[in-house]
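Trainee: Data file my_file-v9.txt (compact mmCIF, C-alpha atoms) is appended below.
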```txt
# COMPACT_ATOMS: atom_id res chain seq x y z
CA MET A 185 76.28 4.43 112.93
CA THR A 186 72.68 3.27 113.11
CA MET A 187 71.50 0.51 110.78
CA ALA A 188 69.16 1.47 107.90
CA PRO A 189 65.51 0.72 108.88
CA ASP A 190 64.97 -1.48 105.80
CA LEU A 191 67.98 -3.65 106.58
CA LEU A 192 66.97 -3.85 110.25
CA GLN A 193 63.43 -4.92 109.22
CA ARG A 194 64.77 -7.66 106.91
CA LEU A 195 67.16 -9.00 109.55
CA CYS A 196 64.37 -9.07 112.17
CA GLU A 197 61.99 -10.84 109.77
CA ALA A 198 64.64 -13.47 109.06
CA GLU A 199 65.09 -14.00 112.81
CA LEU A 200 61.29 -14.24 113.22
CA ALA A 201 61.11 -16.93 110.53
CA ARG A 202 63.89 -18.81 112.31
CA LEU A 203 62.14 -18.59 115.70
CA TRP A 204 58.72 -19.54 114.30
CA GLY A 205 60.26 -22.41 112.40
CA SER A 206 60.89 -24.20 115.67
CA GLN A 207 57.26 -23.81 116.84
CA SER A 208 54.26 -25.66 115.55
CA ASP A 209 50.89 -24.16 116.54
CA GLY A 210 50.07 -22.82 113.07
CA ALA A 211 48.88 -19.45 114.41
CA HIS A 212 51.87 -17.49 113.13
CA ASP A 213 51.07 -14.80 110.63
CA LEU A 214 53.66 -12.55 109.01
CA GLY A 215 50.79 -10.47 107.59
CA HIS A 216 49.74 -9.56 111.13
CA VAL A 217 53.32 -8.60 112.03
CA ARG A 218 53.66 -6.33 109.01
CA ARG A 219 50.29 -4.67 109.65
CA VAL A 220 51.31 -4.00 113.25
CA LEU A 221 54.51 -2.37 111.96
CA ALA A 222 52.50 -0.32 109.44
CA ASN A 223 50.03 0.75 112.16
CA ALA A 224 52.94 1.57 114.48
CA ARG A 225 54.51 3.84 111.86
CA ILE A 226 51.21 5.70 111.32
CA LEU A 227 50.82 6.20 115.06
CA ALA A 228 54.48 7.26 115.41
CA LEU A 229 54.02 9.88 112.69
CA ASN A 230 51.04 11.34 114.57
CA GLU A 231 52.51 10.98 118.03
CA GLY A 232 56.13 12.02 117.43
CA GLY A 233 59.05 11.22 119.73
CA ALA A 234 59.35 7.53 118.85
CA ASP A 235 62.66 5.98 117.78
CA ASP A 236 62.30 3.95 114.57
CA ALA A 237 65.36 1.86 115.50
CA VAL A 238 63.43 0.69 118.58
CA LEU A 239 59.98 0.49 117.00
CA VAL A 240 60.96 -1.65 113.98
CA PRO A 241 62.50 -4.61 115.88
CA ALA A 242 59.85 -4.34 118.60
CA ALA A 243 57.01 -4.54 116.06
CA ILE A 244 58.55 -7.35 114.01
CA LEU A 245 59.48 -9.48 117.01
CA HIS A 246 56.51 -8.73 119.31
CA ASP A 247 55.05 -12.22 118.78
CA ALA A 248 58.40 -14.01 118.39
CA VAL A 249 57.31 -16.55 121.03
CA ASN A 250 53.68 -17.18 120.19
CA LEU A 251 52.00 -19.64 122.55
CA PRO A 252 48.51 -21.03 121.74
CA LYS A 253 45.59 -19.17 123.36
CA ASP A 254 44.89 -22.03 125.75
CA HIS A 255 48.54 -22.58 126.74
CA PRO A 256 49.11 -22.23 130.52
CA GLU A 257 52.20 -20.04 129.94
CA ARG A 258 50.37 -17.83 127.44
CA HIS A 259 50.51 -14.79 129.76
CA ARG A 260 54.34 -14.98 129.70
CA ALA A 261 54.60 -15.06 125.88
CA SER A 262 55.40 -11.34 125.59
CA VAL A 263 58.16 -11.55 128.21
CA LEU A 264 59.64 -14.59 126.43
CA SER A 265 59.39 -12.71 123.12
CA ALA A 266 61.21 -9.72 124.67
CA GLU A 267 64.03 -12.02 125.80
CA ALA A 268 64.29 -13.61 122.36
CA ALA A 269 64.43 -10.15 120.72
CA ALA A 270 67.07 -8.90 123.15
CA ASP A 271 69.23 -11.97 122.57
CA PHE A 272 68.97 -11.52 118.83
CA LEU A 273 69.76 -7.78 118.82
CA ALA A 274 72.71 -8.27 121.20
CA GLY A 275 74.25 -10.52 118.57
CA LEU A 276 73.82 -7.98 115.73
CA ALA A 277 77.18 -6.21 115.35
CA ASP A 278 75.69 -2.93 114.06
CA TYR A 279 72.73 -2.64 116.43
CA PRO A 280 73.28 -0.08 119.27
CA ALA A 281 73.27 -2.00 122.56
CA GLU A 282 71.73 0.94 124.45
CA LYS A 283 68.50 0.57 122.47
CA ILE A 284 67.95 -3.06 123.43
CA PRO A 285 66.18 -2.41 126.78
CA GLY A 286 63.69 -0.13 125.00
CA VAL A 287 62.86 -2.87 122.49
CA ALA A 288 62.50 -5.46 125.23
CA HIS A 289 60.23 -3.21 127.31
CA ALA A 290 57.98 -2.41 124.34
CA ILE A 291 57.58 -6.10 123.52
CA ALA A 292 57.08 -7.24 127.12
CA ALA A 293 54.46 -4.54 127.75
CA HIS A 294 52.48 -4.88 124.51
CA SER A 295 50.30 -7.75 125.64
CA PHE A 296 47.03 -7.40 127.55
CA SER A 297 47.74 -10.45 129.70
CA ALA A 298 51.30 -9.53 130.70
CA GLY A 299 49.99 -6.77 132.99
CA ILE A 300 53.05 -4.54 132.38
CA ALA A 301 52.34 -0.82 131.87
CA PRO A 302 54.04 0.69 128.78
CA GLU A 303 56.33 3.51 129.87
CA THR A 304 57.96 4.73 126.65
CA PRO A 305 56.53 6.22 123.42
CA GLU A 306 57.60 3.09 121.53
CA ALA A 307 55.87 0.79 124.05
CA MET A 308 52.62 2.80 123.93
CA ILE A 309 52.69 2.89 120.14
CA LEU A 310 53.37 -0.85 119.80
CA GLN A 311 50.59 -1.72 122.24
CA ASP A 312 48.09 0.47 120.38
CA ALA A 313 49.25 -0.81 116.97
CA ASP A 314 48.76 -4.42 118.05
CA ARG A 315 45.39 -3.70 119.65
CA LEU A 316 44.08 -2.08 116.46
CA GLU A 317 44.35 -5.55 114.91
CA ALA A 318 41.80 -6.80 117.46
CA LEU A 319 39.28 -4.13 116.41
CA GLY A 320 37.22 -3.38 113.32
CA ALA A 321 36.52 -5.86 110.52
CA ILE A 322 39.87 -7.61 111.03
CA GLY A 323 39.12 -7.85 114.76
CA LEU A 324 35.71 -9.45 114.18
CA ALA A 325 37.14 -11.86 111.62
CA ARG A 326 39.80 -12.93 114.12
CA MET A 327 37.26 -13.15 116.96
CA PHE A 328 35.02 -15.63 115.14
CA HIS A 329 38.03 -17.49 113.71
CA VAL A 330 39.57 -18.01 117.15
CA ALA A 331 36.21 -19.22 118.50
CA GLY A 332 36.14 -21.84 115.74
CA GLN A 333 39.71 -22.90 116.56
CA MET A 334 38.94 -23.18 120.28
CA GLY A 335 35.64 -25.04 119.87
CA GLY A 336 33.45 -22.16 121.10
CA GLY A 337 30.08 -21.15 119.61
CA LEU A 338 29.10 -17.96 117.79
CA PHE A 339 26.62 -16.50 120.28
CA ASP A 340 23.93 -17.47 122.77
CA ALA A 341 20.84 -17.65 120.56
CA ASP A 342 18.52 -17.25 123.58
CA ASP A 343 20.40 -14.34 125.16
CA PRO A 344 23.00 -12.93 122.73
CA LEU A 345 23.69 -9.80 124.84
CA ALA A 346 24.05 -11.75 128.12
CA ARG A 347 21.21 -9.88 129.85
CA ARG A 348 20.36 -12.87 132.06
CA ARG A 349 23.69 -14.71 132.39
CA PRO A 350 27.37 -13.92 133.06
CA LEU A 351 29.51 -13.07 130.02
CA ASP A 352 31.43 -16.11 128.78
CA ASP A 353 33.61 -15.57 125.71
CA ARG A 354 34.91 -19.15 125.81
CA ARG A 355 31.40 -20.38 124.99
CA PHE A 356 30.15 -17.46 122.90
CA ALA A 357 32.39 -15.52 120.51
CA LEU A 358 30.04 -12.51 120.52
CA ASP A 359 30.62 -12.06 124.28
CA HIS A 360 34.27 -11.29 123.45
CA LEU A 361 33.20 -7.78 122.40
CA GLU A 362 32.16 -6.87 125.96
CA VAL A 363 34.77 -9.03 127.71
CA LYS A 364 37.77 -7.77 125.81
CA LEU A 365 37.41 -5.77 122.59
CA PHE A 366 35.38 -2.76 123.78
CA PRO A 367 37.66 -2.44 126.86
CA VAL A 368 40.72 -2.67 124.57
CA ALA A 369 39.29 0.12 122.39
CA ALA A 370 38.70 2.25 125.48
CA GLY A 371 42.25 1.75 126.78
CA MET A 372 44.34 3.10 123.92
CA ARG A 373 47.42 5.13 124.85
CA THR A 374 48.07 7.38 121.84
CA THR A 375 45.84 10.11 120.40
CA ALA A 376 45.72 8.69 116.89
CA GLY A 377 45.28 5.16 118.26
CA ARG A 378 42.33 6.31 120.37
CA GLN A 379 40.64 7.94 117.38
CA MET A 380 41.13 4.89 115.17
CA ALA A 381 39.95 2.57 117.95
CA GLU A 382 36.81 4.61 118.59
CA GLU A 383 35.84 4.46 114.96
CA ARG A 384 36.47 0.70 114.86
CA ALA A 385 34.52 0.12 118.08
CA GLU A 386 31.53 2.04 116.70
CA TRP A 387 31.65 -0.04 113.57
CA MET A 388 31.79 -3.25 115.64
CA GLU A 389 28.69 -2.08 117.51
CA SER A 390 26.91 -1.58 114.20
CA PHE A 391 27.96 -5.10 113.16
CA ARG A 392 26.52 -6.50 116.38
CA ALA A 393 23.27 -4.55 115.95
CA ARG A 394 22.95 -5.94 112.45
CA LEU A 395 23.67 -9.50 113.59
CA LEU A 396 20.99 -9.18 116.29
CA ARG A 397 18.43 -7.97 113.74
CA GLU A 398 19.25 -10.95 111.53
CA ILE A 399 18.92 -13.56 114.27
CA GLN A 400 15.89 -12.23 116.12
CA MET B 259 -7.60 -33.59 111.05
CA THR B 260 -4.30 -31.75 110.70
CA MET B 261 -2.06 -31.35 113.72
CA ALA B 262 -1.68 -27.85 115.24
CA PRO B 263 1.58 -26.21 113.96
CA ASP B 264 2.83 -25.59 117.52
CA LEU B 265 2.42 -29.23 118.51
CA LEU B 266 4.01 -30.38 115.25
CA GLN B 267 6.97 -28.05 115.87
CA ARG B 268 7.48 -29.38 119.41
CA LEU B 269 7.29 -33.00 118.29
CA CYS B 270 9.80 -32.37 115.49
CA GLU B 271 12.19 -30.56 117.86
CA ALA B 272 12.02 -33.50 120.26
CA GLU B 273 12.86 -35.86 117.40
CA LEU B 274 15.72 -33.58 116.35
CA ALA B 275 17.15 -33.65 119.87
CA ARG B 276 16.91 -37.45 119.83
CA LEU B 277 18.66 -37.73 116.44
CA TRP B 278 21.39 -35.22 117.35
CA GLY B 279 21.92 -36.96 120.68
CA SER B 280 23.41 -39.91 118.86
CA GLN B 281 25.89 -37.75 116.89
CA SER B 282 28.98 -36.08 118.24
CA ASP B 283 30.45 -33.41 115.96
CA GLY B 284 29.38 -30.47 118.12
CA ALA B 285 28.17 -28.45 115.14
CA HIS B 286 24.47 -28.83 115.96
CA ASP B 287 22.66 -25.63 116.66
CA LEU B 288 18.98 -25.41 117.52
CA GLY B 289 19.23 -21.62 117.16
CA HIS B 290 20.06 -22.06 113.47
CA VAL B 291 17.12 -24.43 113.02
CA ARG B 292 14.67 -21.99 114.62
CA ARG B 293 16.00 -19.07 112.58
CA VAL B 294 15.56 -21.10 109.39
CA LEU B 295 11.95 -21.78 110.42
CA ALA B 296 11.42 -18.08 111.19
CA ASN B 297 12.94 -17.07 107.82
CA ALA B 298 10.84 -19.73 106.08
CA ARG B 299 7.65 -18.32 107.59
CA ILE B 300 8.54 -14.77 106.49
CA LEU B 301 9.24 -15.99 102.96
CA ALA B 302 6.03 -18.10 102.95
CA LEU B 303 3.96 -15.05 103.94
CA ASN B 304 5.41 -13.09 101.01
CA GLU B 305 5.36 -15.94 98.54
CA GLY B 306 2.01 -17.55 99.33
CA GLY B 307 1.00 -21.09 98.35
CA ALA B 308 3.15 -22.92 100.92
CA ASP B 309 1.75 -25.54 103.29
CA ASP B 310 2.73 -24.90 106.91
CA ALA B 311 2.25 -28.59 107.73
CA VAL B 312 5.03 -29.37 105.24
CA LEU B 313 7.21 -26.36 105.94
CA VAL B 314 7.41 -26.79 109.74
CA PRO B 315 8.77 -30.36 109.84
CA ALA B 316 10.97 -29.68 106.79
CA ALA B 317 12.56 -26.63 108.47
CA ILE B 318 13.02 -28.27 111.87
CA LEU B 319 14.46 -31.51 110.47
CA HIS B 320 16.47 -30.12 107.53
CA ASP B 321 19.80 -30.80 109.31
CA ALA B 322 18.64 -33.90 111.19
CA VAL B 323 21.67 -35.80 109.88
CA ASN B 324 24.45 -33.24 110.13
CA LEU B 325 27.79 -34.55 108.89
CA PRO B 326 31.00 -32.54 109.49
CA LYS B 327 32.09 -30.26 106.62
CA ASP B 328 35.05 -32.48 105.76
CA HIS B 329 33.09 -35.77 105.94
CA PRO B 330 33.23 -37.74 102.66
CA GLU B 331 29.45 -38.40 102.80
CA ARG B 332 28.67 -34.73 103.50
CA HIS B 333 26.95 -34.25 100.12
CA ARG B 334 24.44 -36.97 101.10
CA ALA B 335 23.52 -35.38 104.45
CA SER B 336 20.34 -33.75 103.12
CA VAL B 337 19.10 -37.01 101.57
CA LEU B 338 19.80 -38.87 104.83
CA SER B 339 18.00 -36.09 106.73
CA ALA B 340 15.01 -36.43 104.40
CA GLU B 341 14.86 -40.17 105.10
CA ALA B 342 15.07 -39.60 108.86
CA ALA B 343 12.27 -37.02 108.68
CA ALA B 344 10.06 -39.30 106.56
CA ASP B 345 10.55 -42.21 108.97
CA PHE B 346 9.66 -40.01 111.92
CA LEU B 347 6.53 -38.49 110.34
CA ALA B 348 5.31 -41.90 109.16
CA GLY B 349 5.27 -42.96 112.81
CA LEU B 350 3.23 -39.93 113.96
CA ALA B 351 -0.41 -41.11 114.16
CA ASP B 352 -1.90 -37.65 113.41
CA TYR B 353 0.44 -36.58 110.62
CA PRO B 354 -1.13 -36.89 107.11
CA ALA B 355 0.87 -39.50 105.19
CA GLU B 356 0.27 -37.73 101.86
CA LYS B 357 2.38 -34.77 103.04
CA ILE B 358 5.49 -36.83 103.80
CA PRO B 359 6.94 -36.83 100.25
CA GLY B 360 6.71 -33.03 100.18
CA VAL B 361 8.67 -32.77 103.42
CA ALA B 362 11.27 -35.25 102.20
CA HIS B 363 11.71 -33.43 98.89
CA ALA B 364 12.11 -30.04 100.58
CA ILE B 365 14.79 -31.41 102.92
CA ALA B 366 16.65 -33.38 100.25
CA ALA B 367 16.72 -30.39 97.88
CA HIS B 368 17.66 -27.69 100.40
CA SER B 369 21.40 -28.29 100.31
CA PHE B 370 23.82 -26.75 97.83
CA SER B 371 25.87 -29.93 97.56
CA ALA B 372 22.97 -32.35 97.01
CA GLY B 373 22.42 -31.00 93.49
CA ILE B 374 18.64 -31.60 93.62
CA ALA B 375 16.46 -28.82 92.17
CA PRO B 376 13.62 -27.70 94.48
CA GLU B 377 10.31 -28.24 92.70
CA THR B 378 7.67 -27.18 95.24
CA PRO B 379 6.97 -23.87 97.01
CA GLU B 380 8.02 -25.41 100.32
CA ALA B 381 11.31 -26.69 98.87
CA MET B 382 12.14 -23.31 97.33
CA ILE B 383 11.26 -21.49 100.55
CA LEU B 384 13.30 -23.85 102.74
CA GLN B 385 16.33 -23.57 100.47
CA ASP B 386 16.16 -19.77 100.50
CA ALA B 387 15.56 -19.66 104.26
CA ASP B 388 18.61 -21.83 104.93
CA ARG B 389 20.78 -19.86 102.51
CA LEU B 390 19.92 -16.56 104.19
CA GLU B 391 21.81 -17.93 107.20
CA ALA B 392 24.96 -18.06 105.08
CA LEU B 393 24.64 -14.36 104.18
CA GLY B 394 24.91 -11.06 106.05
CA ALA B 395 26.53 -10.63 109.46
CA ILE B 396 25.51 -14.14 110.55
CA GLY B 397 26.98 -15.51 107.32
CA LEU B 398 30.33 -13.77 107.84
CA ALA B 399 30.47 -14.88 111.47
CA ARG B 400 29.89 -18.48 110.37
CA MET B 401 32.39 -18.18 107.51
CA PHE B 402 35.28 -17.15 109.78
CA HIS B 403 34.18 -19.58 112.50
CA VAL B 404 34.19 -22.54 110.12
CA ALA B 405 37.64 -21.52 108.83
CA GLY B 406 38.91 -21.61 112.41
CA GLN B 407 37.35 -25.05 112.95
CA MET B 408 38.85 -26.42 109.74
CA GLY B 409 42.33 -24.97 110.24
CA GLY B 410 42.12 -22.44 107.40
CA GLY B 411 43.43 -18.88 107.51
CA LEU B 412 41.53 -15.58 107.36
CA PHE B 413 42.77 -14.22 104.01
CA ASP B 414 45.82 -14.07 101.77
CA ALA B 415 47.63 -10.99 103.11
CA ASP B 416 49.58 -10.59 99.85
CA ASP B 417 46.60 -11.04 97.53
CA PRO B 418 43.31 -10.93 99.48
CA LEU B 419 41.11 -10.67 96.35
CA ALA B 420 42.90 -13.52 94.53
CA ARG B 421 43.93 -11.35 91.58
CA ARG B 422 47.06 -13.43 90.91
CA ARG B 423 46.09 -16.90 92.17
CA PRO B 424 43.13 -19.33 92.01
CA LEU B 425 40.42 -18.90 94.66
CA ASP B 426 40.93 -21.34 97.56
CA ASP B 427 38.41 -21.09 100.40
CA ARG B 428 40.00 -24.01 102.26
CA ARG B 429 43.11 -21.88 102.79
CA PHE B 430 41.54 -18.42 102.96
CA ALA B 431 38.16 -17.77 104.57
CA LEU B 432 37.68 -14.51 102.65
CA ASP B 433 37.76 -16.43 99.34
CA HIS B 434 34.52 -18.13 100.45
CA LEU B 435 32.62 -14.96 99.48
CA GLU B 436 33.46 -15.44 95.79
CA VAL B 437 33.51 -19.25 95.84
CA LYS B 438 30.15 -19.72 97.51
CA LEU B 439 28.36 -16.86 99.26
CA PHE B 440 27.93 -14.38 96.40
CA PRO B 441 26.76 -17.22 94.09
CA VAL B 442 24.33 -18.39 96.81
CA ALA B 443 22.93 -14.85 97.07
CA ALA B 444 22.51 -14.72 93.29
CA GLY B 445 20.66 -18.06 93.18
CA MET B 446 17.69 -17.41 95.45
CA ARG B 447 14.33 -18.86 94.35
CA THR B 448 11.72 -16.65 96.00
CA THR B 449 11.07 -12.94 95.48
CA ALA B 450 11.42 -11.98 99.14
CA GLY B 451 14.44 -14.25 99.53
CA ARG B 452 16.11 -12.59 96.55
CA GLN B 453 15.55 -9.12 98.00
CA MET B 454 16.88 -10.09 101.42
CA ALA B 455 19.87 -11.87 99.87
CA GLU B 456 20.76 -8.88 97.69
CA GLU B 457 20.78 -6.57 100.68
CA ARG B 458 22.93 -9.03 102.66
CA ALA B 459 25.36 -9.53 99.76
CA GLU B 460 25.81 -5.75 99.41
CA TRP B 461 26.52 -5.51 103.10
CA MET B 462 29.07 -8.36 102.86
CA GLU B 463 30.80 -6.45 100.06
CA SER B 464 31.01 -3.37 102.28
CA PHE B 465 32.48 -5.56 105.05
CA ARG B 466 35.11 -6.84 102.64
CA ALA B 467 35.93 -3.32 101.42
CA ARG B 468 36.38 -2.20 105.01
CA LEU B 469 38.58 -5.20 105.84
CA LEU B 470 40.77 -4.45 102.82
CA ARG B 471 41.18 -0.81 103.90
CA GLU B 472 42.21 -1.98 107.37
CA ILE B 473 44.81 -4.47 106.18
CA GLN B 474 46.39 -2.53 103.33
```
What do you get writing this file as structure tokens?

Mentor:
Amino acid sequence: MTMAPDLLQRLCEAELARLWGSQSDGAHDLGHVRRVLANARILALNEGGADDAVLVPAAILHDAVNLPKDHPERHRASVLSAEAAADFLAGLADYPAEKIPGVAHAIAAHSFSAGIAPETPEAMILQDADRLEALGAIGLARMFHVAGQMGGGLFDADDPLARRRPLDDRRFALDHLEVKLFPVAAGMRTTAGRQMAEERAEWMESFRARLLREIQ
Amino acid sequence: MTMAPDLLQRLCEAELARLWGSQSDGAHDLGHVRRVLANARILALNEGGADDAVLVPAAILHDAVNLPKDHPERHRASVLSAEAAADFLAGLADYPAEKIPGVAHAIAAHSFSAGIAPETPEAMILQDADRLEALGAIGLARMFHVAGQMGGGLFDADDPLARRRPLDDRRFALDHLEVKLFPVAAGMRTTAGRQMAEERAEWMESFRARLLREIQ
């Protein structure tokens, strides 16, 4: 018998709290995790063919090992998270063991920097659901917030669109749109994810246009 | 004879670079200073009655002493900047000594936290010009960036509008709209500044509404 989704979600959240409790970078955010799960469920409804018993633990535990953005092992965080999720689910008496590889693949493949192509519906949905959080108003808020955390500036006041210099999103938060966020929006895997990402990318362009009018 | 505005601007910028060179908080931003001067000139054109020979040094040197946001003497930064500007101008052979108190008053009164009411056209214009930088797209970018620098979060995922808790913009960047930015927009001194601030405040409300749709 498969576990009820609500119970599975609560057990995974408890495990996440336990795993995060032993880390200390302050970047953990249960709100983000729940929004990714909510996005994933919307995409799954539109896409069809996804297994909730895979998607729920994958979404909840996708950032189980959450290394700081400037950590040298950062690109391995999703693989380490997949291992932590697999270990946890293997110890749950009522969780079907045959679903564990699907959870681990979805988590390992969700991250941009892991360079692993998502091969299952659940993996494509999780990747899109997580990437939606990097786009739109929430994406811009996070972009400027991360720049503040990392000691970067807002934009290059002399050349905000990088017409006469290479893009550099470590120095200038605004460059992150071209370096990462517009490419992320263009690389969505699901139909509903692509539509939502396009709308968010257009809105981010209008934000940038407004910012340029204000500063020039 | 009065000094040409261009020469005065260059001399003040050189002094600013010298003063900032001896500080180390990394928050200095010549782009901000030049935008405040540009805003001040737009407001002065609309308002009339402002003296460019006061407005230019006041705008360039308004953040000459720029203490970090969590510095205990932060509320005195504008008074210290006014003193630094007065000292500098007193040493400029061609700058009219009778204009120095007007510059010092405009700088001292520009800051929210100084609690000094602006009493001259130049002081009102400088305060509005600086506050415009806290509003609109540039204002939101700075709001989230500062939260990242100070270790605060983006918003309270359970209660983003603070319906069931006190506002706390140290913990939640989004709270800063109600704590400071909407009140700043409502307190503009000049007619043109008030119109620009109203438009920016409305846009910030639409940003917040969009963010809430995305996260809920």

Trainee: Dump as JSON, numbers by chain the residues of chain A that approach chain B to within 7 Å, counting only C-alpha atoms.

Mentor: {"A": [215, 219, 321, 322, 325, 328, 329, 330, 331, 332, 333, 341, 391, 394, 395, 399]}

Trainee: Show me, as a PDB file with C-alpha atoms, in the coordinates of the input, the residues that have an atom within 12 Å of B:Leu303 when counting only C-alpha atoms, minus same-chain residues fewer than 4 positions from it.

Mentor:
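The resulting file, out.pdb, is shown below:
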```pdb
ATOM      1  CA  ALA B 296      11.420 -18.080 111.190  1.00  0.00           C
ATOM      2  CA  ASN B 297      12.940 -17.070 107.820  1.00  0.00           C
ATOM      3  CA  ALA B 298      10.840 -19.730 106.080  1.00  0.00           C
ATOM      4  CA  ARG B 299       7.650 -18.320 107.590  1.00  0.00           C
ATOM      5  CA  GLY B 307       1.000 -21.090  98.350  1.00  0.00           C
ATOM      6  CA  ALA B 308       3.150 -22.920 100.920  1.00  0.00           C
ATOM      7  CA  ASP B 309       1.750 -25.540 103.290  1.00  0.00           C
ATOM      8  CA  ASP B 310       2.730 -24.900 106.910  1.00  0.00           C
ATOM      9  CA  LEU B 313       7.210 -26.360 105.940  1.00  0.00           C
ATOM     10  CA  PRO B 379       6.970 -23.870  97.010  1.00  0.00           C
ATOM     11  CA  GLU B 380       8.020 -25.410 100.320  1.00  0.00           C
ATOM     12  CA  ILE B 383      11.260 -21.490 100.550  1.00  0.00           C
ATOM     13  CA  THR B 448      11.720 -16.650  96.000  1.00  0.00           C
ATOM     14  CA  THR B 449      11.070 -12.940  95.480  1.00  0.00           C
ATOM     15  CA  ALA B 450      11.420 -11.980  99.140  1.00  0.00           C
ATOM     16  CA  GLY B 451      14.440 -14.250  99.530  1.00  0.00           C
TER      17      GLY B 451
END
```

Trainee: Which polymer residues, whether protein, DNA or RNA, lie within 10 Å of the coordinate (12.6, -34.9, 96.2) when you count only C-alpha atoms? List them as a list in words, using the chain letters and numbers from the file.

Mentor: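 With a cut-off of 10 Å, the residues come to Val337, Ala340, Pro359, Gly360, Val361, Ala362, His363, Ala364, Ile365, Ala366, Ala367, His368, Ile374, Ala375, Pro376, Glu377, Thr378 and Ala381 of chain B.
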
Trainee: Atom CA of A:Glu382 to atom CA of A:Leu310: how many Å, to one decimal?

Mentor: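 Spanning atom CA of A:Glu382 to atom CA of A:Leu310 is a straight-line distance of 17.5 Å.
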
Trainee: What gap, in Å, lies between atom CA of B:Ala459 and atom CA of B:Ala316?

Mentor: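 Pair atom CA of B:Ala459 / atom CA of B:Ala316 returns 25.7 Å.
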
Trainee: Would you please work out which residue, of A:Ala243, A:Ile284, A:Ala261, A:Ala381, is nearest to A:Gly299 when using all atoms listed in the file?

Mentor: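 Closest to A:Gly299 of all the choices is A:Ala261.
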